[in-house]
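Each remark here refers to the structure printed beneath this line.
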There are 2 protein chains.
Amino acid sequence: MRGVVMYAAGDVRVEEREDPKIIEPTDAIIRVTASCICGSDLWPYRGIEAVDHQVMGHEYVGVVEEIGAEVKTVKVGDFVVGSFVISDNTCEICQAGYQSKCVHGAFVSATVGTQSEKARIPLADGTLVATPAQPDPELIPSLLAASDVLGTGWFGAVAAEAGPGKTVAVVGDGAVGLMAVLAAKQLGAERIIAMSRRPERQELARFYGATDIVEERGDEGVAKIKDLTNGLGAHSVIEAVGTQESLMQAIRSTRPGGHLGFVGVTHGVELSGLELFFAEIHLHGGPAPVRRFLPDLIQLIWDRKIDPGKVFDLTLPLEEAAEGYKAMDERRAVKVLLTV
Amino acid sequence: MRGVVMYAAGDVRVEEREDPKIIEPTDAIIRVTASCICGSDLWPYRGIEAVDHQVMGHEYVGVVEEIGAEVKTVKVGDFVVGSFVISDNTCEICQAGYQSKCVHGAFVSATVGTQSEKARIPLADGTLVATPAQPDPELIPSLLAASDVLGTGWFGAVAAEAGPGKTVAVVGDGAVGLMAVLAAKQLGAERIIAMSRRPERQELARFYGATDIVEERGDEGVAKIKDLTNGLGAHSVIEAVGTQESLMQAIRSTRPGGHLGFVGVTHGVELSGLELFFAEIHLHGGPAPVRRFLPDLIQLIWDRKIDPGKVFDLTLPLEEAAEGYKAMDERRAVKVLLTV
């Protein structure tokens, strides 16, 4: 089968890979219908994370082609959406809603690589969720978004306790930030401030429910959020970037007693204990337990209540994955969908 | 009047200070019945925080001697307990339960200094709570504890979401840690693990409700907590020290999705963003909004349902404050009560 391999920073190739096979009785093999390129794939692409002949891709939707003897909840022919973290969905941590930290958990990105024609998904019962029927093609991008960026933005909004009566600020206007705006809106937030300086992303943020746009960053961005919130800061802040500057901006934009949900994978970030202590905010974040939210998110998409698929602004065939990475790296695209 | 002044690290003196007077119409003057020495007073005493002729003391109970023209909720003759943070208790932040970050907030320690015969308490309506009547002398230590260490330990337990079905670990066996054990017990925690290596404090921890004692620290302490929790970590962890080691021990003892309440004032602590991200715990802490809890805590004490006063293991007259500091510094006392 064909699949994406990142040879080194900036060097993405589509090449022949061995077809996956059932190894464990809890595995499923899926034929990938669509995959995509994640903002986090840009860290190794830009040389910020080490990379050496890494299979790529951890977001996916597809059709089950084969299942192991012990798989019970999905069957051959099902259209499925899966989380970017493999989980058994039965351990105590999963049952508490933290499938991203399952005691048998593993990242799909490490070995599976879903920017490919097929993929072996371990712990299929705990990782995959079948859609109610075969989806209309127009739903594919939205279902694919649920696999990571929607689930991650949603987790950020839940971690930030976005809800009725709340003013929510979102730091980061990438796909996850935009999905956090969507989630905050769905969760009933009263006011949603998107921090973005790019007109096309501001427009998407408004489409997803942003009521205000703040273009300033750093201390100026914080001051603007305070201006908009009676000097107090937002009740809920979602951080969807992962740099020192963006996380500090998020912490300082949160009012005392408020909630910060941080879902941008942090890179080189150090937090001062004393600043955190006196900020007196709630912090929660990490790799999103997408599996917790998948059944509800799939239903919202199925019922056409949300349209997260609009976050994909470039669609390319798998063979042109290298161009997709380039487009995202150069910020010509928010998020690239790869058709398989 | 007589009052404590810390001239420099290790140099505590009791000397004549000017009697406080009403300055603002929202002030009250109280005659201090009892005050005490806080673990946080040891930071400057040990030279870890700068200090220069600082009036000391921020925990207090006493009798109202005079009130400003606008004070409505306490009257002359009332026995009152106050928080270590001045608050109006009416602003949006106070109303959300974060009186320690009141928009008009200030630390009592900065200018008031309650290790003294009298004290001027600004924003008396928002800061002080009157007891139902004049208390029995035996209740004084417990009411005094409510002013800070009990309220702080309680906040730690609330921030850590201690409650029914939860395993709670407490890092730190000082007065605040012991009060966190008491709070976890009152909040209905199933299992309470006190991390302590001093026999007399282990005994107090057991008195307050600890079901298990872990003597190990650092990575060994974390391993022990994991051993006791099926390899997962505690649901709720309360950090009541404030050092890098203790906070890391607390973070690593918390299970994914669990809650860490940190109430030890941090000193020189730096947290790795990446470790926090992948720990995937909830963090909340800071200076305790004691005022939020005071009415309930006073009632629990009044009804003899809790006995936090037992945390004071040395009582000295105000004039002997220097010996009190020495005893706490040398760990001969957990917490020193100063009678006035």
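All residue names refer to the structure tokens as shown: chains lettered A, B, ... in order, residues numbered from 1 in each chain, ligands numbered from 1 in order.
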Can you check which residues of range 17-222 of chain B DSSP gives as alpha helix (DSSP H) on the backbone and send them as an NGL selection string? :B and (42-45 or 92-95 or 108-111 or 124-127 or 140-146 or 149-159 or 175-186 or 199-208 or 218-222)
Please return, as an MDAnalysis selection string, all residues of range 175-234 of chain B that DSSP assigns to strand (DSSP E) on the basis of the backbone. chainID B and resid 191:195 212:214 234
Quick one: residues within 10 Å of Asp219 in chain A, only C-alpha atoms counted, chain neighbours fewer than 4 positions away excluded, as number ranges by chain? A: 223-225, 245, 248-249, 252-253
Could you work out which residues of chain B fall inside 6 Å of chain A? Count only C-alpha atoms, and format the result as a JSON list (two decimals) with C-alpha atoms, in the first residue's frame.
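Dumped to iface-v4.json:
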```
[["chain", "number", "residue", "atom", "x", "y", "z"],
["B", 266, "THR", "CA", 6.01, 28.08, 45.94],
["B", 269, "VAL", "CA", 9.66, 26.28, 41.53],
["B", 270, "GLU", "CA", 9.79, 25.83, 37.75],
["B", 271, "LEU", "CA", 7.38, 23.43, 36.07],
["B", 272, "SER", "CA", 8.03, 21.76, 32.73],
["B", 273, "GLY", "CA", 5.15, 22.48, 30.37],
["B", 274, "LEU", "CA", 5.66, 19.14, 28.66],
["B", 277, "PHE", "CA", 0.85, 18.38, 29.47],
["B", 278, "PHE", "CA", 1.42, 14.64, 29.55],
["B", 280, "GLU", "CA", -2.94, 15.38, 32.21],
["B", 282, "HIS", "CA", -6.06, 19.22, 37.00],
["B", 283, "LEU", "CA", -4.03, 21.85, 38.85],
["B", 284, "HIS", "CA", -5.48, 24.49, 41.08],
["B", 285, "GLY", "CA", -3.99, 26.41, 43.93],
["B", 286, "GLY", "CA", -2.81, 29.68, 45.30]]
```
For Asp52 in chain B, the nearest of the candidates B:Asp329, B:Val12, B:Val176, B:Asp125, counting only C-alpha atoms: B:Val12
12 Å contact set for Pro308 in chain A, only C-alpha atoms, chain neighbours under 6 positions out, as a VMD selection string: chain A and resid 138 to 151 153 to 154 175 to 183 186 204 to 205 207 to 209 297 to 298 300 to 302 335
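Nearest to Gln95 in chain A of all the residues A:Lys326, A:Arg292, A:Arg304, A:Lys310 is A:Arg292, counting only C-alpha atoms.
When the distance limit is 8 Å and only C-alpha atoms are what count, the residues near Val55 in chain B, minus those fewer than 5 positions from it on the same chain, are Gly3, Val4, Val5, Met6, Ser109, Ala110, Thr111, Val112, Gly113 and Gln115 of chain B.
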For the residues in that selection, give me C-alpha atoms as a PDB file, in the first residue's frame.
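Saved the output as again36.pdb:
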```pdb
ATOM      1  CA  GLY B   3       3.777  43.862  68.531  1.00  0.00           C
ATOM      2  CA  VAL B   4       6.209  41.572  66.695  1.00  0.00           C
ATOM      3  CA  VAL B   5       8.686  43.017  64.226  1.00  0.00           C
ATOM      4  CA  MET B   6      11.130  40.918  62.228  1.00  0.00           C
ATOM      5  CA  SER B 109       0.820  40.452  56.476  1.00  0.00           C
ATOM      6  CA  ALA B 110       1.960  43.411  54.385  1.00  0.00           C
ATOM      7  CA  THR B 111       0.989  46.245  56.738  1.00  0.00           C
ATOM      8  CA  VAL B 112      -1.265  45.050  59.562  1.00  0.00           C
ATOM      9  CA  GLY B 113       0.779  42.564  61.526  1.00  0.00           C
ATOM     10  CA  GLN B 115       1.175  39.300  66.161  1.00  0.00           C
TER      11      GLN B 115
END
```
Pick out the residues sitting within 12 Å of Val51 in chain B, and hand them over as a PyMOL selection string; count only C-alpha atoms, and ignore anything fewer than 2 positions along from it in its own chain. chain B and resi 5-12+41-49+53-56+110
Take CA of Pro137 in chain B and CA of Glu203 in chain B and report the distance between them in Å, one decimal.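 Going from CA of Pro137 in chain B over to CA of Glu203 in chain B, I get 24.8 Å.
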List the neighbours of Ala250 in chain B out to 7 Å using only C-alpha atoms; skip same-chain residues closer than 3 positions along the sequence, and give me the result as a VMD selection string. chain B and resid 171 237 239 246 to 247 253 to 254
Take CA of Ala28 in chain A and CA of Leu314 in chain A and report the distance between them in Å, one decimal. 29.2 Å
Quick one, how far is CA of Gln202 in chain B from CA of Val334 in chain B? 11.8 Å
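Shortest separation to Arg201 in chain B among B:Glu70, B:Glu59, B:Glu220, B:Asp313 occurs at residue B:Asp313, atoms counted being only C-alpha atoms.
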